[in-house]
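Note: the block below is upload.pdb and it holds PDB, C-alpha atoms.
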ATOM      1  CA  MET A  29     -46.881 -63.517 -50.770  1.00  0.00           C
ATOM      2  CA  ARG A  30     -48.912 -60.559 -49.501  1.00  0.00           C
ATOM      3  CA  ILE A  31     -48.172 -57.041 -48.340  1.00  0.00           C
ATOM      4  CA  THR A  32     -49.479 -56.771 -44.782  1.00  0.00           C
ATOM      5  CA  ILE A  33     -47.417 -53.889 -43.406  1.00  0.00           C
ATOM      6  CA  THR A  34     -46.009 -50.705 -44.773  1.00  0.00           C
ATOM      7  CA  SER A  35     -44.378 -48.009 -42.712  1.00  0.00           C
ATOM      8  CA  VAL A  36     -43.685 -44.337 -42.282  1.00  0.00           C
ATOM      9  CA  PHE A  37     -40.801 -43.026 -40.181  1.00  0.00           C
ATOM     10  CA  VAL A  38     -42.164 -40.706 -37.498  1.00  0.00           C
ATOM     11  CA  ASP A  39     -40.294 -38.395 -35.149  1.00  0.00           C
ATOM     12  CA  ASP A  40     -42.684 -39.013 -32.228  1.00  0.00           C
ATOM     13  CA  GLN A  41     -44.967 -42.027 -31.923  1.00  0.00           C
ATOM     14  CA  ASP A  42     -47.523 -40.371 -29.626  1.00  0.00           C
ATOM     15  CA  LYS A  43     -47.840 -37.368 -31.903  1.00  0.00           C
ATOM     16  CA  ALA A  44     -48.018 -39.667 -34.916  1.00  0.00           C
ATOM     17  CA  LEU A  45     -50.763 -41.806 -33.376  1.00  0.00           C
ATOM     18  CA  ASP A  46     -52.782 -38.677 -32.674  1.00  0.00           C
ATOM     19  CA  PHE A  47     -52.377 -37.331 -36.215  1.00  0.00           C
ATOM     20  CA  TYR A  48     -52.988 -40.605 -38.032  1.00  0.00           C
ATOM     21  CA  THR A  49     -56.098 -41.420 -35.933  1.00  0.00           C
ATOM     22  CA  THR A  50     -57.679 -38.130 -34.819  1.00  0.00           C
ATOM     23  CA  VAL A  51     -56.894 -36.168 -37.972  1.00  0.00           C
ATOM     24  CA  LEU A  52     -56.528 -38.659 -40.837  1.00  0.00           C
ATOM     25  CA  GLY A  53     -59.136 -41.013 -39.361  1.00  0.00           C
ATOM     26  CA  PHE A  54     -57.284 -44.329 -39.150  1.00  0.00           C
ATOM     27  CA  GLN A  55     -57.658 -46.545 -36.080  1.00  0.00           C
ATOM     28  CA  LYS A  56     -55.069 -48.130 -33.842  1.00  0.00           C
ATOM     29  CA  LYS A  57     -54.478 -51.819 -34.512  1.00  0.00           C
ATOM     30  CA  HIS A  58     -51.406 -52.850 -32.513  1.00  0.00           C
ATOM     31  CA  ASP A  59     -49.524 -51.053 -29.757  1.00  0.00           C
ATOM     32  CA  ILE A  60     -46.859 -53.359 -28.345  1.00  0.00           C
ATOM     33  CA  PRO A  61     -44.053 -52.137 -26.047  1.00  0.00           C
ATOM     34  CA  LEU A  62     -40.615 -53.102 -27.315  1.00  0.00           C
ATOM     35  CA  GLY A  63     -38.710 -52.636 -24.082  1.00  0.00           C
ATOM     36  CA  GLY A  64     -37.313 -49.151 -24.542  1.00  0.00           C
ATOM     37  CA  GLU A  65     -39.321 -46.103 -25.550  1.00  0.00           C
ATOM     38  CA  ASP A  66     -40.210 -47.546 -28.943  1.00  0.00           C
ATOM     39  CA  ARG A  67     -43.451 -49.426 -29.600  1.00  0.00           C
ATOM     40  CA  TRP A  68     -44.708 -51.661 -32.376  1.00  0.00           C
ATOM     41  CA  LEU A  69     -47.453 -49.242 -33.309  1.00  0.00           C
ATOM     42  CA  THR A  70     -49.730 -49.794 -36.281  1.00  0.00           C
ATOM     43  CA  VAL A  71     -52.926 -48.231 -37.601  1.00  0.00           C
ATOM     44  CA  VAL A  72     -55.459 -49.428 -40.163  1.00  0.00           C
ATOM     45  CA  SER A  73     -58.198 -47.843 -42.184  1.00  0.00           C
ATOM     46  CA  PRO A  74     -61.661 -48.239 -40.563  1.00  0.00           C
ATOM     47  CA  GLU A  75     -62.823 -49.174 -44.076  1.00  0.00           C
ATOM     48  CA  GLU A  76     -60.431 -52.149 -44.029  1.00  0.00           C
ATOM     49  CA  PRO A  77     -59.744 -53.106 -40.393  1.00  0.00           C
ATOM     50  CA  ASP A  78     -58.112 -56.344 -41.540  1.00  0.00           C
ATOM     51  CA  GLY A  79     -56.296 -54.667 -44.413  1.00  0.00           C
ATOM     52  CA  THR A  80     -52.719 -53.466 -44.748  1.00  0.00           C
ATOM     53  CA  GLU A  81     -51.347 -52.007 -41.545  1.00  0.00           C
ATOM     54  CA  LEU A  82     -49.366 -48.810 -41.429  1.00  0.00           C
ATOM     55  CA  LEU A  83     -46.445 -49.044 -39.013  1.00  0.00           C
ATOM     56  CA  LEU A  84     -45.610 -45.749 -37.308  1.00  0.00           C
ATOM     57  CA  GLU A  85     -41.928 -46.472 -37.078  1.00  0.00           C
ATOM     58  CA  PRO A  86     -39.488 -44.449 -34.928  1.00  0.00           C
ATOM     59  CA  ASP A  87     -36.997 -42.463 -37.027  1.00  0.00           C
ATOM     60  CA  GLY A  88     -34.096 -42.730 -34.593  1.00  0.00           C
ATOM     61  CA  HIS A  89     -31.604 -44.273 -37.013  1.00  0.00           C
ATOM     62  CA  PRO A  90     -29.130 -41.568 -38.100  1.00  0.00           C
ATOM     63  CA  ALA A  91     -29.744 -42.244 -41.795  1.00  0.00           C
ATOM     64  CA  VAL A  92     -33.464 -41.565 -41.553  1.00  0.00           C
ATOM     65  CA  LYS A  93     -33.645 -37.869 -40.731  1.00  0.00           C
ATOM     66  CA  PRO A  94     -31.463 -36.721 -43.689  1.00  0.00           C
ATOM     67  CA  TYR A  95     -33.503 -39.008 -45.948  1.00  0.00           C
ATOM     68  CA  LYS A  96     -36.782 -37.534 -44.696  1.00  0.00           C
ATOM     69  CA  SER A  97     -35.681 -33.926 -44.932  1.00  0.00           C
ATOM     70  CA  ALA A  98     -34.291 -34.426 -48.454  1.00  0.00           C
ATOM     71  CA  LEU A  99     -37.670 -35.775 -49.594  1.00  0.00           C
ATOM     72  CA  VAL A 100     -39.593 -32.939 -47.930  1.00  0.00           C
ATOM     73  CA  ASP A 101     -37.222 -30.400 -49.481  1.00  0.00           C
ATOM     74  CA  ASP A 102     -38.273 -31.522 -52.955  1.00  0.00           C
ATOM     75  CA  GLY A 103     -41.924 -31.986 -51.958  1.00  0.00           C
ATOM     76  CA  ILE A 104     -41.813 -35.761 -52.389  1.00  0.00           C
ATOM     77  CA  PRO A 105     -44.400 -37.796 -50.458  1.00  0.00           C
ATOM     78  CA  CYS A 106     -43.187 -40.945 -48.729  1.00  0.00           C
ATOM     79  CA  THR A 107     -46.401 -42.842 -49.362  1.00  0.00           C
ATOM     80  CA  SER A 108     -49.891 -42.474 -50.811  1.00  0.00           C
ATOM     81  CA  PHE A 109     -53.389 -43.170 -49.491  1.00  0.00           C
ATOM     82  CA  ALA A 110     -56.530 -43.640 -51.578  1.00  0.00           C
ATOM     83  CA  VAL A 111     -59.567 -41.430 -50.983  1.00  0.00           C
ATOM     84  CA  ASP A 112     -63.051 -41.513 -52.552  1.00  0.00           C
ATOM     85  CA  ASP A 113     -63.551 -37.747 -52.773  1.00  0.00           C
ATOM     86  CA  ILE A 114     -60.320 -35.799 -52.726  1.00  0.00           C
ATOM     87  CA  GLN A 115     -61.943 -32.374 -52.747  1.00  0.00           C
ATOM     88  CA  ALA A 116     -64.034 -33.217 -49.681  1.00  0.00           C
ATOM     89  CA  GLU A 117     -61.035 -34.779 -47.950  1.00  0.00           C
ATOM     90  CA  PHE A 118     -58.862 -31.779 -48.769  1.00  0.00           C
ATOM     91  CA  THR A 119     -61.455 -29.368 -47.361  1.00  0.00           C
ATOM     92  CA  ARG A 120     -61.972 -31.479 -44.241  1.00  0.00           C
ATOM     93  CA  LEU A 121     -58.257 -31.765 -43.495  1.00  0.00           C
ATOM     94  CA  ARG A 122     -57.476 -28.138 -44.302  1.00  0.00           C
ATOM     95  CA  ASP A 123     -60.230 -27.058 -41.900  1.00  0.00           C
ATOM     96  CA  LEU A 124     -58.549 -29.218 -39.246  1.00  0.00           C
ATOM     97  CA  GLY A 125     -55.388 -27.193 -39.768  1.00  0.00           C
ATOM     98  CA  VAL A 126     -53.463 -29.652 -41.937  1.00  0.00           C
ATOM     99  CA  THR A 127     -50.794 -28.088 -44.165  1.00  0.00           C
ATOM    100  CA  PHE A 128     -50.864 -29.029 -47.849  1.00  0.00           C
ATOM    101  CA  THR A 129     -47.758 -28.567 -50.003  1.00  0.00           C
ATOM    102  CA  GLN A 130     -49.872 -29.437 -53.038  1.00  0.00           C
ATOM    103  CA  GLU A 131     -53.580 -28.736 -53.264  1.00  0.00           C
ATOM    104  CA  PRO A 132     -55.619 -31.143 -55.413  1.00  0.00           C
ATOM    105  CA  VAL A 133     -54.478 -31.302 -59.048  1.00  0.00           C
ATOM    106  CA  ALA A 134     -56.033 -33.453 -61.773  1.00  0.00           C
ATOM    107  CA  MET A 135     -53.299 -35.540 -63.374  1.00  0.00           C
ATOM    108  CA  GLY A 136     -54.866 -37.759 -65.990  1.00  0.00           C
ATOM    109  CA  PRO A 137     -56.741 -40.666 -64.370  1.00  0.00           C
ATOM    110  CA  VAL A 138     -55.950 -39.494 -60.854  1.00  0.00           C
ATOM    111  CA  THR A 139     -56.294 -36.356 -58.758  1.00  0.00           C
ATOM    112  CA  THR A 140     -53.634 -35.976 -56.093  1.00  0.00           C
ATOM    113  CA  ALA A 141     -52.785 -33.701 -53.200  1.00  0.00           C
ATOM    114  CA  VAL A 142     -49.857 -33.717 -50.766  1.00  0.00           C
ATOM    115  CA  LEU A 143     -50.057 -32.985 -47.039  1.00  0.00           C
ATOM    116  CA  ASP A 144     -47.664 -32.715 -44.099  1.00  0.00           C
ATOM    117  CA  ASP A 145     -48.137 -35.415 -41.453  1.00  0.00           C
ATOM    118  CA  THR A 146     -46.482 -33.209 -38.755  1.00  0.00           C
ATOM    119  CA  CYS A 147     -44.057 -36.094 -38.059  1.00  0.00           C
ATOM    120  CA  GLY A 148     -41.517 -35.176 -40.723  1.00  0.00           C
ATOM    121  CA  ASN A 149     -43.208 -36.646 -43.796  1.00  0.00           C
ATOM    122  CA  LEU A 150     -45.263 -35.607 -46.753  1.00  0.00           C
ATOM    123  CA  ILE A 151     -48.194 -37.890 -47.607  1.00  0.00           C
ATOM    124  CA  GLN A 152     -49.998 -38.051 -50.913  1.00  0.00           C
ATOM    125  CA  ILE A 153     -53.734 -38.630 -51.091  1.00  0.00           C
ATOM    126  CA  ALA A 154     -55.147 -39.769 -54.409  1.00  0.00           C
ATOM    127  CA  GLN A 155     -58.558 -40.229 -55.955  1.00  0.00           C
ATOM    128  CA  HIS A 156     -58.685 -42.547 -58.956  1.00  0.00           C
ATOM    129  CA  HIS A 157     -61.358 -41.614 -61.473  1.00  0.00           C
ATOM    130  CA  GLY A 158     -63.478 -44.188 -63.243  1.00  0.00           C
TER     131      GLY A 158
ATOM    132  CA  MET B   2     -32.195 -10.576 -73.531  1.00  0.00           C
ATOM    133  CA  SER B   3     -30.691 -13.458 -75.517  1.00  0.00           C
ATOM    134  CA  ASP B   4     -30.626 -15.543 -72.331  1.00  0.00           C
ATOM    135  CA  ILE B   5     -34.406 -15.192 -72.041  1.00  0.00           C
ATOM    136  CA  PHE B   6     -34.931 -16.505 -75.559  1.00  0.00           C
ATOM    137  CA  LYS B   7     -32.539 -19.344 -74.916  1.00  0.00           C
ATOM    138  CA  ALA B   8     -34.516 -20.214 -71.791  1.00  0.00           C
ATOM    139  CA  LEU B   9     -37.780 -20.136 -73.756  1.00  0.00           C
ATOM    140  CA  ALA B  10     -36.365 -22.156 -76.646  1.00  0.00           C
ATOM    141  CA  ASP B  11     -36.999 -25.458 -74.917  1.00  0.00           C
ATOM    142  CA  ALA B  12     -40.387 -27.193 -74.858  1.00  0.00           C
ATOM    143  CA  THR B  13     -39.905 -28.615 -71.367  1.00  0.00           C
ATOM    144  CA  ARG B  14     -39.061 -25.213 -69.922  1.00  0.00           C
ATOM    145  CA  ARG B  15     -42.079 -23.690 -71.652  1.00  0.00           C
ATOM    146  CA  ALA B  16     -44.245 -26.462 -70.184  1.00  0.00           C
ATOM    147  CA  ILE B  17     -42.871 -25.646 -66.718  1.00  0.00           C
ATOM    148  CA  LEU B  18     -43.884 -22.008 -67.209  1.00  0.00           C
ATOM    149  CA  ASP B  19     -47.332 -23.138 -68.443  1.00  0.00           C
ATOM    150  CA  GLU B  20     -47.859 -25.201 -65.300  1.00  0.00           C
ATOM    151  CA  LEU B  21     -46.684 -22.401 -63.014  1.00  0.00           C
ATOM    152  CA  THR B  22     -49.178 -20.164 -64.812  1.00  0.00           C
ATOM    153  CA  ASP B  23     -51.893 -22.691 -63.950  1.00  0.00           C
ATOM    154  CA  ARG B  24     -50.893 -22.478 -60.290  1.00  0.00           C
ATOM    155  CA  ASN B  25     -48.063 -20.368 -58.990  1.00  0.00           C
ATOM    156  CA  GLY B  26     -45.965 -21.803 -56.172  1.00  0.00           C
ATOM    157  CA  GLN B  27     -45.189 -25.496 -56.663  1.00  0.00           C
ATOM    158  CA  THR B  28     -42.789 -27.987 -55.141  1.00  0.00           C
ATOM    159  CA  LEU B  29     -40.333 -29.793 -57.396  1.00  0.00           C
ATOM    160  CA  PHE B  30     -42.458 -32.915 -56.935  1.00  0.00           C
ATOM    161  CA  GLU B  31     -45.614 -31.216 -58.212  1.00  0.00           C
ATOM    162  CA  ILE B  32     -43.812 -29.777 -61.243  1.00  0.00           C
ATOM    163  CA  CYS B  33     -42.357 -33.198 -62.118  1.00  0.00           C
ATOM    164  CA  ALA B  34     -45.733 -34.899 -61.663  1.00  0.00           C
ATOM    165  CA  ARG B  35     -47.496 -32.344 -63.871  1.00  0.00           C
ATOM    166  CA  LEU B  36     -44.881 -32.665 -66.625  1.00  0.00           C
ATOM    167  CA  THR B  37     -45.118 -36.444 -66.560  1.00  0.00           C
ATOM    168  CA  THR B  38     -48.902 -36.766 -66.430  1.00  0.00           C
ATOM    169  CA  LYS B  39     -50.069 -33.716 -68.377  1.00  0.00           C
ATOM    170  CA  HIS B  40     -47.270 -33.282 -70.908  1.00  0.00           C
ATOM    171  CA  GLN B  41     -45.958 -36.851 -71.183  1.00  0.00           C
ATOM    172  CA  LEU B  42     -42.491 -35.498 -70.462  1.00  0.00           C
ATOM    173  CA  GLY B  43     -40.707 -38.311 -68.703  1.00  0.00           C
ATOM    174  CA  SER B  44     -37.638 -36.291 -67.785  1.00  0.00           C
ATOM    175  CA  SER B  45     -35.726 -37.242 -64.680  1.00  0.00           C
ATOM    176  CA  ARG B  46     -36.041 -35.174 -61.544  1.00  0.00           C
ATOM    177  CA  GLN B  47     -32.427 -34.101 -62.023  1.00  0.00           C
ATOM    178  CA  ALA B  48     -33.178 -32.894 -65.549  1.00  0.00           C
ATOM    179  CA  ILE B  49     -36.216 -30.908 -64.388  1.00  0.00           C
ATOM    180  CA  SER B  50     -34.132 -29.473 -61.578  1.00  0.00           C
ATOM    181  CA  GLN B  51     -31.559 -28.277 -64.123  1.00  0.00           C
ATOM    182  CA  HIS B  52     -34.295 -26.696 -66.261  1.00  0.00           C
ATOM    183  CA  LEU B  53     -35.557 -24.889 -63.164  1.00  0.00           C
ATOM    184  CA  ASP B  54     -32.031 -23.705 -62.365  1.00  0.00           C
ATOM    185  CA  MET B  55     -31.759 -22.193 -65.837  1.00  0.00           C
ATOM    186  CA  LEU B  56     -35.172 -20.523 -65.543  1.00  0.00           C
ATOM    187  CA  GLU B  57     -34.121 -19.170 -62.156  1.00  0.00           C
ATOM    188  CA  THR B  58     -30.824 -17.849 -63.574  1.00  0.00           C
ATOM    189  CA  VAL B  59     -32.679 -15.711 -66.130  1.00  0.00           C
ATOM    190  CA  GLY B  60     -35.226 -14.642 -63.511  1.00  0.00           C
ATOM    191  CA  LEU B  61     -38.331 -16.339 -64.945  1.00  0.00           C
ATOM    192  CA  VAL B  62     -38.604 -18.564 -61.880  1.00  0.00           C
ATOM    193  CA  THR B  63     -37.982 -17.636 -58.278  1.00  0.00           C
ATOM    194  CA  THR B  64     -37.883 -19.995 -55.333  1.00  0.00           C
ATOM    195  CA  ARG B  65     -39.118 -19.303 -51.862  1.00  0.00           C
ATOM    196  CA  ARG B  66     -38.587 -21.406 -48.788  1.00  0.00           C
ATOM    197  CA  GLU B  67     -41.573 -21.628 -46.466  1.00  0.00           C
ATOM    198  CA  GLY B  68     -40.543 -23.576 -43.411  1.00  0.00           C
ATOM    199  CA  ARG B  69     -39.267 -26.933 -44.592  1.00  0.00           C
ATOM    200  CA  TYR B  70     -40.862 -26.633 -48.021  1.00  0.00           C
ATOM    201  CA  LYS B  71     -39.467 -25.020 -51.147  1.00  0.00           C
ATOM    202  CA  TYR B  72     -41.821 -23.565 -53.744  1.00  0.00           C
ATOM    203  CA  HIS B  73     -41.194 -22.346 -57.297  1.00  0.00           C
ATOM    204  CA  TYR B  74     -42.888 -19.216 -58.611  1.00  0.00           C
ATOM    205  CA  LEU B  75     -43.262 -17.734 -62.077  1.00  0.00           C
ATOM    206  CA  ASP B  76     -41.909 -14.213 -62.538  1.00  0.00           C
ATOM    207  CA  VAL B  77     -42.721 -12.628 -65.902  1.00  0.00           C
ATOM    208  CA  THR B  78     -40.745  -9.440 -65.203  1.00  0.00           C
ATOM    209  CA  PRO B  79     -37.906 -10.532 -67.567  1.00  0.00           C
ATOM    210  CA  LEU B  80     -40.461 -10.701 -70.415  1.00  0.00           C
ATOM    211  CA  GLU B  81     -41.422  -7.025 -70.113  1.00  0.00           C
ATOM    212  CA  PRO B  82     -38.492  -5.742 -72.227  1.00  0.00           C
ATOM    213  CA  ILE B  83     -39.869  -7.856 -75.097  1.00  0.00           C
ATOM    214  CA  ILE B  84     -43.180  -6.015 -74.879  1.00  0.00           C
ATOM    215  CA  ASP B  85     -41.485  -2.624 -74.597  1.00  0.00           C
ATOM    216  CA  ARG B  86     -39.172  -3.323 -77.508  1.00  0.00           C
ATOM    217  CA  TRP B  87     -41.562  -4.734 -80.112  1.00  0.00           C
ATOM    218  CA  LEU B  88     -45.180  -4.897 -78.973  1.00  0.00           C
ATOM    219  CA  THR B  89     -45.848  -1.585 -77.254  1.00  0.00           C
ATOM    220  CA  PRO B  90     -44.385   0.681 -80.022  1.00  0.00           C
ATOM    221  CA  ASN B  91     -46.668  -0.995 -82.576  1.00  0.00           C
ATOM    222  CA  ARG B  92     -49.655  -0.402 -80.380  1.00  0.00           C
ATOM    223  CA  ARG B  93     -48.706   3.238 -79.985  1.00  0.00           C
ATOM    224  CA  ASN B  94     -48.417   3.683 -83.742  1.00  0.00           C
ATOM    225  CA  ALA B  95     -51.602   1.798 -84.511  1.00  0.00           C
ATOM    226  CA  PRO B  96     -54.254   3.945 -86.151  1.00  0.00           C
TER     227      PRO B  96
END
Please re-express this file's structure in structure tokens.
Amino acid sequence: MRITITSVFVDDQDKALDFYTTVLGFQKKHDIPLGGEDRWLTVVSPEEPDGTELLLEPDGHPAVKPYKSALVDDGIPCTSFAVDDIQAEFTRLRDLGVTFTQEPVAMGPVTTAVLDDTCGNLIQIAQHHG
Amino acid sequence: MSDIFKALADATRRAILDELTDRNGQTLFEICARLTTKHQLGSSRQAISQHLDMLETVGLVTTRREGRYKYHYLDVTPLEPIIDRWLTPNRRNAP
């Protein structure tokens, strides 16, 4: 068994695709119309084009928005991405106008920061040391 | 004033104040993560939330909503009576 897909619930797939590619730097992998407005839309890291895909999943189900806003209210990220140099990544993203609810903090073997993906989620980035 | 000492009489609450001194303005998530990783305090989020409520009741912590985010800030104003009552008079009388 392998993990090939993980997902984030986004409020707008076009906006999400722009943020996750143009700003975060992922690349589009699949974009398949599903009949209505929703698409099967995934991105991957350019460092691992055949790696785990991130599904930018529409958040239309009524349970999703309260769930998302409750997490954001307490500052809780919905997922975490690995970075090699968190300080450089933080500076790069901040200069692009990204909002951080937590600037980089060293927490034992890992330094983490938390950013807003503009689609209703907080995302953690983490650099593992050593 | 007794409420202040009661609030300070707990190691977890003192650790929260330490971390807010390190950086003022933190989400609940950041406070919980710092307590877990830097202080090995594995309290539940609910427990930390209750500690923060108590600190807020005595005025040592204030919360501010910025858009959709909620941040916690340290406010040392309630500690000033302690200085006025015991520390400042001694300094005045010091030779």
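What the PyMOL selection byres ((chain A) within 10 of (chain B)) picks from this file is Ser97, Ala98, Leu99, Val100, Asp101, Asp102, Gly103, Ile104, Pro105, Thr129, Gln130, Glu131, Val133, Ala134, Met135, Gly136, Pro137, Val138, Thr140, Ala141, Val142, Asp144 and Gly148 of chain A.
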For the selection just defined, write its residues with C-alpha atoms to a file, as a short mmCIF file (atom, residue, chain, number, x, y, z; two decimals), in the frame of the given file.
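Just written: out-v7.cif:
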data_model
loop_
_atom_site.label_atom_id
_atom_site.label_comp_id
_atom_site.auth_asym_id
_atom_site.auth_seq_id
_atom_site.Cartn_x
_atom_site.Cartn_y
_atom_site.Cartn_z
CA SER A 97 -35.68 -33.93 -44.93
CA ALA A 98 -34.29 -34.43 -48.45
CA LEU A 99 -37.67 -35.78 -49.59
CA VAL A 100 -39.59 -32.94 -47.93
CA ASP A 101 -37.22 -30.40 -49.48
CA ASP A 102 -38.27 -31.52 -52.96
CA GLY A 103 -41.92 -31.99 -51.96
CA ILE A 104 -41.81 -35.76 -52.39
CA PRO A 105 -44.40 -37.80 -50.46
CA THR A 129 -47.76 -28.57 -50.00
CA GLN A 130 -49.87 -29.44 -53.04
CA GLU A 131 -53.58 -28.74 -53.26
CA VAL A 133 -54.48 -31.30 -59.05
CA ALA A 134 -56.03 -33.45 -61.77
CA MET A 135 -53.30 -35.54 -63.37
CA GLY A 136 -54.87 -37.76 -65.99
CA PRO A 137 -56.74 -40.67 -64.37
CA VAL A 138 -55.95 -39.49 -60.85
CA THR A 140 -53.63 -35.98 -56.09
CA ALA A 141 -52.78 -33.70 -53.20
CA VAL A 142 -49.86 -33.72 -50.77
CA ASP A 144 -47.66 -32.72 -44.10
CA GLY A 148 -41.52 -35.18 -40.72
#
Going by the chain IDs and residue numbers used in this file, which residues fall under the PyMOL selection byres ((chain A and resi 85) around 12)? Write them as number ranges by chain. A: 33-42, 44-45, 59, 62, 65-71, 81-84, 86-89, 92, 147-149
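Straight-line separation from atom CA of A:Asp113 to atom CA of A:Phe128: 16.2 Å.
Among the candidates A:Thr127, A:Gln152, A:Lys93, A:Thr49, the one nearest to A:Ile114 when counting all atoms listed in the file is A:Gln152.
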Point-to-point distance from atom CA of A:Ser108 to atom CA of A:Thr80, Å rounded to tenths: 12.9 Å
